[in-house]
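Q: After the structure tokens below, expect a handful of questions from me.
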Amino acid sequence: MRKLIAGIAALFSFKSSVAAQELQSPPKQINYRGGLVVFALPGAWVEEYEPEGGGVFYAPGDDTGTLRLDVITAKSPHPVTSADSASVLLKTGDSDVESLPTGAAIAKHVSREVDRGTPITIYWWSVASVVEPDHVRIASFSYSILSSQEQSKRTALDLSFLEQSIRDIRFSPILGK
């Protein structure tokens with residue numbers, strides 16, 4: 001019985017160390033749509049892109065979280081500057097908006113839903129950046145996990161990495177990208 005318990009404990013320890021190693025491996029730079037948006041992900045994560053836009057990123061393995069990214073670029077009816085980034089997110093309905101040192105602004109929230117009978121938790125980030133003189137870009141990230149994994153060490157590690165990476169996001173200053 002002790003060997004069985006030790007084996008189970010070793011298995012859980014192995015899974016936690018695999019998640020930690022994934023995050024400790026050198027991160028890779030994601031140049032989404034040719035550099036429209038640049039951010040980092042753990043080196044082992046898989047990248048998939050939709051032909052018409054949108055990206056999906058995830059760690060290999062079963063029951064890992066899924067990060068999705070979509071970016072929109074919109075023309076403002078009036079001139080805008082980086083000081084307007086926060087107001088852009090406020091106008092989209094986000095209420096808790098923070099200005100970033102880069103001139104961009106970030107808003108985030110968490111939702112809990114049911115997908116095909118399974119409870120899931122989705123972490124959302126919206127990052128707005130101005131392309132002067134009259135365009136705005138909004139990068140919308142969502143990270144979906146099984147709700148049963150909310151308190152896991154892997155989720156905590158992933159969320160910590162993603163939060164920092166999204167805060168460090170860089171947008172192309174060129175409208176054509």
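We label chains A, B, ... in the order they appear in the structure tokens, count residues from 1 in each chain, and number ligands from 1 in the order shown.
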Step one, run DSSP on the backbone; step two, keep only residues of chain A assigned to strand (DSSP E); then write them as a ChimeraX atom specification.
A: /A:28-32,37-41,46-49,55-58,66-75,97-99,105-115,118-131,135-146,170-171
Q: Write out as a list in words each polymer residue whose atoms come within 8 Å of A:Arg112, counting only C-alpha atoms; drop sequence neighbours fewer than 3 positions from it.
A: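 So the residues in contact are Pro119, Ile120, Thr121, Ile122 and Ser147 of chain A.
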Q: Could you tell me which of A:Pro133, A:Ala156, A:Ser82, A:Tyr49 comes closest to A:Ala104 if we count only C-alpha atoms?
A: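 Under the stated criterion, the closest residue is A:Ser82.
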Q: Would you list the contacts of A:Thr118 as a list in words, taking every protein, DNA or RNA residue within 12 Å and counting only C-alpha atoms, but skipping same-chain residues closer than 5 positions in sequence?
A: Arg112, Glu113, Ser144, Ile145, Leu146, Ser147 and Ser148 of chain A
Q: Now that the selection is made, can you save its residues with all heavy atoms as a PDB file, in the first residue's frame?
A:
```pdb
ATOM      1  N   ARG A 112     -17.014  32.102 -15.786  1.00  0.00           N
ATOM      2  CA  ARG A 112     -17.208  30.660 -15.594  1.00  0.00           C
ATOM      3  C   ARG A 112     -18.434  30.253 -16.394  1.00  0.00           C
ATOM      4  O   ARG A 112     -19.485  30.878 -16.267  1.00  0.00           O
ATOM      5  CB  ARG A 112     -17.340  30.340 -14.116  1.00  0.00           C
ATOM      6  CG  ARG A 112     -15.991  30.512 -13.426  1.00  0.00           C
ATOM      7  CD  ARG A 112     -16.051  30.429 -11.919  1.00  0.00           C
ATOM      8  NE  ARG A 112     -14.736  30.640 -11.351  1.00  0.00           N
ATOM      9  CZ  ARG A 112     -14.160  31.824 -11.179  1.00  0.00           C
ATOM     10  NH1 ARG A 112     -14.786  32.917 -11.529  1.00  0.00           N
ATOM     11  NH2 ARG A 112     -12.958  31.928 -10.650  1.00  0.00           N
ATOM     12  N   GLU A 113     -18.262  29.239 -17.214  1.00  0.00           N
ATOM     13  CA  GLU A 113     -19.321  28.812 -18.126  1.00  0.00           C
ATOM     14  C   GLU A 113     -19.390  27.293 -18.155  1.00  0.00           C
ATOM     15  O   GLU A 113     -18.582  26.616 -17.518  1.00  0.00           O
ATOM     16  CB  GLU A 113     -19.032  29.365 -19.525  1.00  0.00           C
ATOM     17  CG  GLU A 113     -18.925  30.892 -19.532  1.00  0.00           C
ATOM     18  CD  GLU A 113     -18.448  31.469 -20.851  1.00  0.00           C
ATOM     19  OE1 GLU A 113     -18.487  30.747 -21.865  1.00  0.00           O
ATOM     20  OE2 GLU A 113     -18.039  32.635 -20.851  1.00  0.00           O
ATOM     21  N   SER A 144      -8.689  29.345 -21.668  1.00  0.00           N
ATOM     22  CA  SER A 144      -9.746  28.462 -21.170  1.00  0.00           C
ATOM     23  C   SER A 144      -9.144  27.229 -20.512  1.00  0.00           C
ATOM     24  O   SER A 144      -8.232  26.606 -21.069  1.00  0.00           O
ATOM     25  CB  SER A 144     -10.639  27.986 -22.324  1.00  0.00           C
ATOM     26  OG  SER A 144     -11.143  29.074 -23.035  1.00  0.00           O
ATOM     27  N   ILE A 145      -9.691  26.882 -19.352  1.00  0.00           N
ATOM     28  CA  ILE A 145      -9.290  25.662 -18.653  1.00  0.00           C
ATOM     29  C   ILE A 145     -10.536  24.983 -18.112  1.00  0.00           C
ATOM     30  O   ILE A 145     -11.599  25.600 -18.013  1.00  0.00           O
ATOM     31  CB  ILE A 145      -8.320  25.948 -17.481  1.00  0.00           C
ATOM     32  CG1 ILE A 145      -8.990  26.872 -16.447  1.00  0.00           C
ATOM     33  CG2 ILE A 145      -7.008  26.524 -17.971  1.00  0.00           C
ATOM     34  CD1 ILE A 145      -8.288  26.923 -15.114  1.00  0.00           C
ATOM     35  N   LEU A 146     -10.397  23.721 -17.750  1.00  0.00           N
ATOM     36  CA  LEU A 146     -11.463  23.047 -17.014  1.00  0.00           C
ATOM     37  C   LEU A 146     -11.546  23.697 -15.644  1.00  0.00           C
ATOM     38  O   LEU A 146     -10.516  23.953 -15.007  1.00  0.00           O
ATOM     39  CB  LEU A 146     -11.160  21.551 -16.876  1.00  0.00           C
ATOM     40  CG  LEU A 146     -11.041  20.765 -18.172  1.00  0.00           C
ATOM     41  CD1 LEU A 146     -10.553  19.340 -17.879  1.00  0.00           C
ATOM     42  CD2 LEU A 146     -12.378  20.733 -18.894  1.00  0.00           C
ATOM     43  N   SER A 147     -12.735  23.974 -15.178  1.00  0.00           N
ATOM     44  CA  SER A 147     -12.876  24.636 -13.867  1.00  0.00           C
ATOM     45  C   SER A 147     -12.245  23.806 -12.751  1.00  0.00           C
ATOM     46  O   SER A 147     -11.755  24.368 -11.767  1.00  0.00           O
ATOM     47  CB  SER A 147     -14.346  24.913 -13.567  1.00  0.00           C
ATOM     48  OG  SER A 147     -14.829  25.897 -14.453  1.00  0.00           O
ATOM     49  N   SER A 148     -12.220  22.500 -12.916  1.00  0.00           N
ATOM     50  CA  SER A 148     -11.610  21.639 -11.898  1.00  0.00           C
ATOM     51  C   SER A 148     -10.104  21.882 -11.779  1.00  0.00           C
ATOM     52  O   SER A 148      -9.489  21.472 -10.802  1.00  0.00           O
ATOM     53  CB  SER A 148     -11.870  20.166 -12.225  1.00  0.00           C
ATOM     54  OG  SER A 148     -11.308  19.825 -13.484  1.00  0.00           O
TER      55      SER A 148
END
```
Q: Residues at most 7 Å from stretch 65-80 of chain A, counting only C-alpha atoms, excluding those fewer than 3 positions away in the same chain, as a list in words?
A: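 My list of contacting residues is Gly53, Gly54, Gly55, Val56, Phe57, Tyr58, Asp84, Val130, Glu132, Pro133, Asp134, His135, Val136, Arg137, Ile138, Ala139, Ser140, Phe141, Ser142, Tyr143, Ser144 and Ile145 of chain A.
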Q: Next, the residues of the selection above should be written as an mmCIF file, in the first residue's frame with C-alpha atoms.
A:
```cif
data_model
loop_
_atom_site.group_PDB
_atom_site.id
_atom_site.type_symbol
_atom_site.label_atom_id
_atom_site.label_comp_id
_atom_site.auth_asym_id
_atom_site.auth_seq_id
_atom_site.Cartn_x
_atom_site.Cartn_y
_atom_site.Cartn_z
ATOM 1 C CA GLY A 53 -7.412 35.451 -38.409
ATOM 2 C CA GLY A 54 -7.104 34.257 -34.874
ATOM 3 C CA GLY A 55 -4.510 32.116 -33.201
ATOM 4 C CA VAL A 56 -4.717 29.185 -30.794
ATOM 5 C CA PHE A 57 -1.863 28.239 -28.474
ATOM 6 C CA TYR A 58 -1.583 25.393 -25.962
ATOM 7 C CA ASP A 84 -6.601 57.379 -25.447
ATOM 8 C CA VAL A 130 -3.203 53.378 -30.631
ATOM 9 C CA GLU A 132 -1.471 57.374 -34.552
ATOM 10 C CA PRO A 133 -2.977 59.407 -35.939
ATOM 11 C CA ASP A 134 -6.394 57.712 -36.114
ATOM 12 C CA HIS A 135 -6.383 53.920 -35.604
ATOM 13 C CA VAL A 136 -6.756 51.642 -32.603
ATOM 14 C CA ARG A 137 -5.821 47.992 -32.201
ATOM 15 C CA ILE A 138 -7.350 45.691 -29.633
ATOM 16 C CA ALA A 139 -5.760 42.314 -28.915
ATOM 17 C CA SER A 140 -8.263 39.996 -27.216
ATOM 18 C CA PHE A 141 -6.788 37.029 -25.370
ATOM 19 C CA SER A 142 -8.754 34.258 -23.674
ATOM 20 C CA TYR A 143 -7.311 31.338 -21.729
ATOM 21 C CA SER A 144 -9.746 28.462 -21.170
ATOM 22 C CA ILE A 145 -9.290 25.662 -18.653
#
```
Q: Which residues are near A:Leu90? Cut-off 12 Å, only C-alpha atoms, ignore same chain within fewer than 3 positions. Put them as a PyMOL selection string.
A: chain A and resi 84-87+93-99+105-108+126-128
Q: In Å, how far is it from atom CA of A:Ile169 to atom CA of A:Thr102?
A: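 Interatomic distance here is 8.7 Å.
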Q: For a test of reading the model, state the distance in Å between atom CA of A:Glu163 and atom CA of A:Glu150, rounded to one decimal.
A: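 Between these atoms lies a distance of 15.2 Å.
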Q: I want to know what sits within 12 Å of A:Gly34, based on only C-alpha atoms, with residues of the same chain fewer than 5 positions away left out; could you give that as a ChimeraX atom specification?
A: /A:29,49,53,171-172,174,176-177
Q: Print the selection's residues with C-alpha atoms to a file, as an mmCIF file, in the first residue's frame.
A:
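Output file part10.cif is given in full below:
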```cif
data_model
loop_
_atom_site.group_PDB
_atom_site.id
_atom_site.type_symbol
_atom_site.label_atom_id
_atom_site.label_comp_id
_atom_site.auth_asym_id
_atom_site.auth_seq_id
_atom_site.Cartn_x
_atom_site.Cartn_y
_atom_site.Cartn_z
ATOM 1 C CA GLN A 29 8.532 34.878 -29.342
ATOM 2 C CA TYR A 49 -3.531 29.883 -36.891
ATOM 3 C CA GLY A 53 -7.412 35.451 -38.409
ATOM 4 C CA PHE A 171 2.053 46.136 -31.241
ATOM 5 C CA SER A 172 3.335 47.055 -34.667
ATOM 6 C CA ILE A 174 2.817 50.459 -38.714
ATOM 7 C CA GLY A 176 -0.110 47.978 -42.792
ATOM 8 C CA LYS A 177 0.900 45.086 -40.502
#
```
